[in-house]
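Structure file structure.cif (mmCIF, C-alpha atoms and all ligand atoms) follows.
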data_data
loop_
_atom_site.label_atom_id
_atom_site.label_comp_id
_atom_site.auth_asym_id
_atom_site.auth_seq_id
_atom_site.Cartn_x
_atom_site.Cartn_y
_atom_site.Cartn_z
CA MET I 85 -21.91 20.90 -6.22
CA LEU I 86 -20.97 19.93 -2.72
CA GLU I 87 -17.96 21.52 -1.12
CA TYR I 88 -16.30 20.02 1.86
CA GLY I 89 -13.02 19.97 3.65
CA TRP I 90 -11.39 16.84 4.96
CA ASP I 91 -8.91 16.78 7.78
CA ALA I 92 -6.50 13.92 7.21
CA GLY I 93 -6.21 13.50 10.97
CA VAL I 94 -3.08 13.17 13.07
CA ALA I 95 -2.42 9.51 12.24
CA ILE I 96 -2.70 9.90 8.48
CA SER I 97 -0.76 13.20 8.47
CA ARG I 98 2.18 11.53 10.19
CA PHE I 99 1.93 8.59 7.77
CA LEU I 100 2.05 10.97 4.78
CA ASP I 101 5.04 12.81 6.27
CA GLY I 102 6.72 9.40 6.52
CA LEU I 103 6.07 8.69 2.84
CA LYS I 104 7.68 11.99 1.92
CA ALA I 105 10.76 10.79 3.81
CA GLY I 106 10.64 7.44 2.00
CA LYS I 107 9.32 5.48 4.97
CA ILE I 108 6.22 3.37 5.51
CA LEU I 109 5.02 3.99 9.06
CA GLY I 110 2.55 1.84 10.94
CA VAL I 111 1.07 1.69 14.41
CA ARG I 112 1.02 -1.08 16.97
CA CYS I 113 -1.93 -1.64 19.31
CA ASN I 114 -0.69 -2.26 22.84
CA VAL I 115 -3.92 -4.12 23.71
CA CYS I 116 -4.11 -6.78 20.98
CA GLY I 117 -0.55 -6.44 19.66
CA ARG I 118 -1.54 -5.94 16.03
CA THR I 119 0.64 -3.79 13.79
CA VAL I 120 -1.22 -2.08 10.95
CA THR I 121 -0.64 0.39 8.14
CA PRO I 122 -2.01 2.80 7.03
CA PRO I 123 -2.06 3.96 10.64
CA ARG I 124 -5.30 4.67 12.42
CA ALA I 125 -5.96 6.55 15.63
CA PHE I 126 -8.06 3.79 17.20
CA CYS I 127 -7.84 0.00 17.10
CA GLU I 128 -11.03 -1.20 15.45
CA LEU I 129 -10.93 -4.39 17.55
CA ASP I 130 -10.35 -2.84 20.97
CA PHE I 131 -11.69 0.69 20.47
CA LYS I 132 -8.57 1.92 22.25
CA PRO I 133 -6.29 4.70 20.99
CA ILE I 134 -3.15 3.51 19.22
CA ASP I 135 -0.08 5.69 19.46
CA ALA I 136 2.86 3.29 19.28
CA TRP I 137 4.52 4.14 15.96
CA VAL I 138 6.75 1.73 14.09
CA GLU I 139 8.82 2.10 10.95
CA LEU I 140 8.11 -0.72 8.55
CA PRO I 141 10.13 -2.02 5.61
CA ASP I 142 8.92 -1.11 2.12
CA THR I 143 8.51 -4.77 1.24
CA GLY I 144 5.62 -7.15 1.54
CA THR I 145 3.65 -9.85 -0.22
CA ILE I 146 0.64 -9.79 -2.54
CA ASN I 147 -2.53 -10.84 -0.71
CA THR I 148 -4.81 -10.35 -3.71
CA TYR I 149 -4.85 -8.32 -6.92
CA SER I 150 -7.09 -7.35 -9.77
CA ILE I 151 -6.42 -6.45 -13.42
CA CYS I 152 -8.41 -3.37 -14.49
CA TYR I 153 -8.85 -2.29 -18.11
CA ILE I 154 -11.05 0.70 -17.33
CA THR I 155 -10.54 3.68 -15.05
CA TRP I 156 -12.97 4.52 -12.22
CA ASP I 157 -14.76 6.87 -14.65
CA MET I 158 -15.06 4.21 -17.38
CA LYS I 159 -12.21 5.25 -19.66
CA PRO I 160 -10.55 2.29 -21.36
CA LEU I 161 -6.91 1.53 -20.51
CA ARG I 162 -4.55 -0.07 -23.01
CA LYS I 163 -2.08 -0.90 -20.23
CA PRO I 164 -4.18 -2.14 -17.32
CA GLN I 165 -3.88 -0.97 -13.73
CA ILE I 166 -3.27 -3.70 -11.18
CA PRO I 167 -4.63 -2.67 -7.78
CA ALA I 168 -3.53 -5.04 -5.04
CA VAL I 169 -3.85 -5.64 -1.34
CA ILE I 170 -0.31 -5.91 0.00
CA GLU I 171 0.73 -7.36 3.32
CA ILE I 172 3.55 -5.08 4.38
CA ASP I 173 6.32 -7.05 6.12
CA GLY I 174 6.08 -6.61 9.88
CA THR I 175 2.32 -6.02 9.93
CA THR I 176 -0.28 -8.42 11.25
CA PRO I 177 -1.66 -10.73 8.52
CA ARG I 178 -4.65 -9.32 6.65
CA ALA I 179 -4.00 -5.74 7.80
CA GLY I 180 -3.89 -5.06 4.03
CA PHE I 181 -2.38 -2.05 2.34
CA LEU I 182 -4.00 -1.03 -0.95
CA HIS I 183 -1.70 0.06 -3.77
CA LEU I 184 -0.79 -0.73 -7.39
CA ILE I 185 1.47 -3.38 -8.86
CA GLY I 186 3.86 -2.29 -11.63
CA GLY I 187 6.94 -3.53 -13.39
CA VAL I 188 4.95 -6.24 -15.11
CA LYS I 189 5.50 -6.95 -18.80
CA GLY I 190 2.71 -7.12 -21.38
CA SER I 191 -0.89 -6.07 -20.99
CA SER I 192 -2.95 -9.24 -21.48
CA VAL I 193 -4.53 -11.04 -18.55
CA GLU I 194 -2.61 -14.18 -19.53
CA SER I 195 0.81 -12.52 -19.50
CA ILE I 196 0.14 -10.65 -16.26
CA ARG I 197 -1.18 -13.74 -14.50
CA LYS I 198 1.99 -15.61 -15.45
CA GLN I 199 4.06 -12.99 -13.66
CA LEU I 200 2.03 -12.47 -10.49
CA ARG I 201 0.75 -14.77 -7.81
CA VAL I 202 -0.73 -14.41 -4.35
CA GLY I 203 2.04 -14.61 -1.75
CA MET I 204 4.64 -13.18 -4.13
CA PRO I 205 7.17 -10.81 -2.50
CA VAL I 206 7.02 -7.19 -3.69
CA ARG I 207 8.95 -4.00 -3.00
CA ALA I 208 7.87 -0.36 -3.18
CA VAL I 209 9.15 1.73 -6.09
CA TRP I 210 9.41 5.31 -4.82
CA ARG I 211 9.35 8.66 -6.54
CA LYS I 212 12.65 10.49 -6.39
CA PRO I 213 12.97 12.31 -3.03
CA ASP I 214 12.62 15.79 -4.59
CA GLN I 215 9.41 14.72 -6.34
CA ARG I 216 7.64 13.40 -3.24
CA GLU I 217 4.78 15.44 -1.85
CA GLY I 218 3.58 13.55 1.21
CA ALA I 219 0.97 11.51 -0.67
CA ILE I 220 0.27 7.83 -1.21
CA THR I 221 1.49 8.39 -4.79
CA ASP I 222 5.01 9.00 -3.41
CA ILE I 223 5.11 5.24 -3.89
CA LEU I 224 4.66 4.78 -7.66
CA HIS I 225 3.77 1.12 -7.30
CA PHE I 226 5.04 -2.14 -5.85
CA GLU I 227 6.88 -4.53 -8.08
CA PRO I 228 7.76 -8.20 -7.80
CA VAL I 229 11.06 -8.97 -6.11
CA ARG I 230 12.57 -11.52 -8.42
CA GLY I 231 14.78 -14.25 -7.14
CA ARG I 232 13.61 -13.86 -3.55
CA ARG I 233 12.02 -16.87 -1.94
CA ARG I 234 10.20 -17.15 1.32
ZN ZN I 301 -6.06 -3.72 19.29
#
Can you present the structure in this file as structure tokens?
Ligand SMILES: [Zn+2]
Amino acid sequence: MLEYGWDAGVAISRFLDGLKAGKILGVRCNVCGRTVTPPRAFCELDFKPIDAWVELPDTGTINTYSICYITWDMKPLRKPQIPAVIEIDGTTPRAGFLHLIGGVKGSSVESIRKQLRVGMPVRAVWRKPDQREGAITDILHFEPVRGRRR
């Protein structure tokens, strides 16, 4: 048994506080101009500190997704989980945000694939404000925005 503590760090702490308030926060690098979320303290391209905070919308597009019928510890799932990389609107392309897709009918690969596609617009579905705890799970999942074209 290994015990350890993990400090979320200033950037992630502020991001989690934002989630509790129903906001997705990101940071903008003043050197290369990229906007990314989840926030990080340093730009991995410039190795310079980033401290320009921006409030982002809770919408984006699906960059890629996967359909998982087992949990991380190998338990079977009747209703699959759909982890996805989401491009949050207002961030630099491929600054991907990892979350789950929900609001999809059926549980077969065929039915799910008919409802989802790369580039599809999605919106965050939030927990009720009094149920949020400053965690990534304050967003339950993202779901397709129907009838919205881009
Ligand atoms: Zn940069």
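Every protein or nucleic acid residue with an atom no more than 12 Å from Gly180 (chain I), counting all atoms listed in the file and leaving out same-chain residues fewer than 2 positions away, appears here: Gly110, Thr119, Val120, Thr121, Pro122, Pro123, Gly144, Thr145, Ile146, Asn147, Thr148, Tyr149, Ala168, Val169, Ile170, Glu171, Ile172, Asp173, Gly174, Thr175, Thr176, Pro177, Arg178, Leu182 and His183 of chain I.
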Okay, now the selection with C-alpha atoms, as a compact mmCIF listing (two decimals), in the coordinates of the input?
# COMPACT_ATOMS: atom_id res chain seq x y z
CA GLY I 110 2.55 1.84 10.94
CA THR I 119 0.64 -3.79 13.79
CA VAL I 120 -1.22 -2.08 10.95
CA THR I 121 -0.64 0.39 8.14
CA PRO I 122 -2.01 2.80 7.03
CA PRO I 123 -2.06 3.96 10.64
CA GLY I 144 5.62 -7.15 1.54
CA THR I 145 3.65 -9.85 -0.22
CA ILE I 146 0.64 -9.79 -2.54
CA ASN I 147 -2.53 -10.84 -0.71
CA THR I 148 -4.81 -10.35 -3.71
CA TYR I 149 -4.85 -8.32 -6.92
CA ALA I 168 -3.53 -5.04 -5.04
CA VAL I 169 -3.85 -5.64 -1.34
CA ILE I 170 -0.31 -5.91 0.00
CA GLU I 171 0.73 -7.36 3.32
CA ILE I 172 3.55 -5.08 4.38
CA ASP I 173 6.32 -7.05 6.12
CA GLY I 174 6.08 -6.61 9.88
CA THR I 175 2.32 -6.02 9.93
CA THR I 176 -0.28 -8.42 11.25
CA PRO I 177 -1.66 -10.73 8.52
CA ARG I 178 -4.65 -9.32 6.65
CA LEU I 182 -4.00 -1.03 -0.95
CA HIS I 183 -1.70 0.06 -3.77
Counting only C-alpha atoms and all ligand atoms, which residues of chain I sit at most 9 Å from some atom of ligand ZN 301 (chain I), and what is each one's closest atom pair with its distance in Å to one decimal, listed by chain and rising residue number, as CSV?
residue,atom,partner,partner_atom,distance
I:Arg112,CA,I:ZN301,ZN,7.9
I:Cys113,CA,I:ZN301,ZN,4.6
I:Asn114,CA,I:ZN301,ZN,6.6
I:Val115,CA,I:ZN301,ZN,4.9
I:Cys116,CA,I:ZN301,ZN,4.0
I:Gly117,CA,I:ZN301,ZN,6.2
I:Arg118,CA,I:ZN301,ZN,6.0
I:Thr119,CA,I:ZN301,ZN,8.7
I:Phe126,CA,I:ZN301,ZN,8.0
I:Cys127,CA,I:ZN301,ZN,4.7
I:Glu128,CA,I:ZN301,ZN,6.8
I:Leu129,CA,I:ZN301,ZN,5.2
I:Asp130,CA,I:ZN301,ZN,4.7
I:Phe131,CA,I:ZN301,ZN,7.2
I:Lys132,CA,I:ZN301,ZN,6.8
I:Pro133,CA,I:ZN301,ZN,8.6
I:Ile134,CA,I:ZN301,ZN,7.8
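The interatomic distance for the pair CA of Ile108 (chain I) and CA of Gly186 (chain I) works out to 18.2 Å.
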Contact residues around Thr155 (chain I) with all atoms listed in the file at 10 Å, ignoring same-chain residues under 6 positions, as a short mmCIF file (atom, residue, chain, number, x, y, z; two decimals) with C-alpha atoms, in the coordinates of the input:
data_model
loop_
_atom_site.label_atom_id
_atom_site.label_comp_id
_atom_site.auth_asym_id
_atom_site.auth_seq_id
_atom_site.Cartn_x
_atom_site.Cartn_y
_atom_site.Cartn_z
CA LEU I 161 -6.91 1.53 -20.51
CA PRO I 164 -4.18 -2.14 -17.32
CA GLN I 165 -3.88 -0.97 -13.73
#
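The space between CA of Lys212 (chain I) and CA of Leu103 (chain I) spans 11.5 Å.
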Centre, edges in Å (one decimal): axis-aligned box, region 187-204 of chain I, 6 Å padding on all six sides, as lines of an AutoDock Vina configuration file:
center_x = 1.2
center_y = -9.6
center_z = -11.6
size_x = 23.5
size_y = 24.1
size_z = 31.7
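When only C-alpha atoms are used to compute distances to Asp222 (chain I), the closest of the residues I:Leu184, I:Val111, I:Val209, I:Ile196 turns out to be I:Val209.
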Do you know which residues are at most 9 Å from Lys107 (chain I) counting all atoms listed in the file, after dropping those on the same chain fewer than 3 positions away, and could you put them as a short mmCIF file (atom, residue, chain, number, x, y, z; two decimals) with C-alpha atoms, keeping the file's coordinate frame?
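Resulting contents of result-v2.cif:
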data_model
loop_
_atom_site.label_atom_id
_atom_site.label_comp_id
_atom_site.auth_asym_id
_atom_site.auth_seq_id
_atom_site.Cartn_x
_atom_site.Cartn_y
_atom_site.Cartn_z
CA PHE I 99 1.93 8.59 7.77
CA ASP I 101 5.04 12.81 6.27
CA GLY I 102 6.72 9.40 6.52
CA LEU I 103 6.07 8.69 2.84
CA LYS I 104 7.68 11.99 1.92
CA GLU I 139 8.82 2.10 10.95
CA LEU I 140 8.11 -0.72 8.55
CA PRO I 141 10.13 -2.02 5.61
CA ASP I 142 8.92 -1.11 2.12
#
*Atomic separation - CA of Asp135 (chain I) relative to CA of Ala95 (chain I), Å*: 8.5 Å
What lies within 8 Å of Met204 (chain I) using all atoms listed in the file, ignoring chain neighbours under 2 positions off, as a CSV table (one decimal) with C-alpha atoms, in the coordinates of the input?
chain,number,residue,atom,x,y,z
I,145,THR,CA,3.6,-9.8,-0.2
I,146,ILE,CA,0.6,-9.8,-2.5
I,200,LEU,CA,2.0,-12.5,-10.5
I,201,ARG,CA,0.8,-14.8,-7.8
I,202,VAL,CA,-0.7,-14.4,-4.4
I,206,VAL,CA,7.0,-7.2,-3.7
I,228,PRO,CA,7.8,-8.2,-7.8
I,229,VAL,CA,11.1,-9.0,-6.1
*Considering all atoms listed in the file, state which residue in the set I:Pro205, I:Gly218, I:Gly93, I:Pro167 is at the smallest distance from Tyr153 (chain I).*
I:Pro167
*Check the smallest atom-to-atom distance from each of I:Trp137, I:Ile96, I:Ile185, I:Lys198 to Ser150 (chain I) using all atoms listed in the file, then report the winner.*
I:Ile185
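Take the candidates I:Val94, I:Val193, I:Ala179, I:Val188 and check each one against Cys152 (chain I) using only C-alpha atoms; the shortest distance goes to I:Val193.
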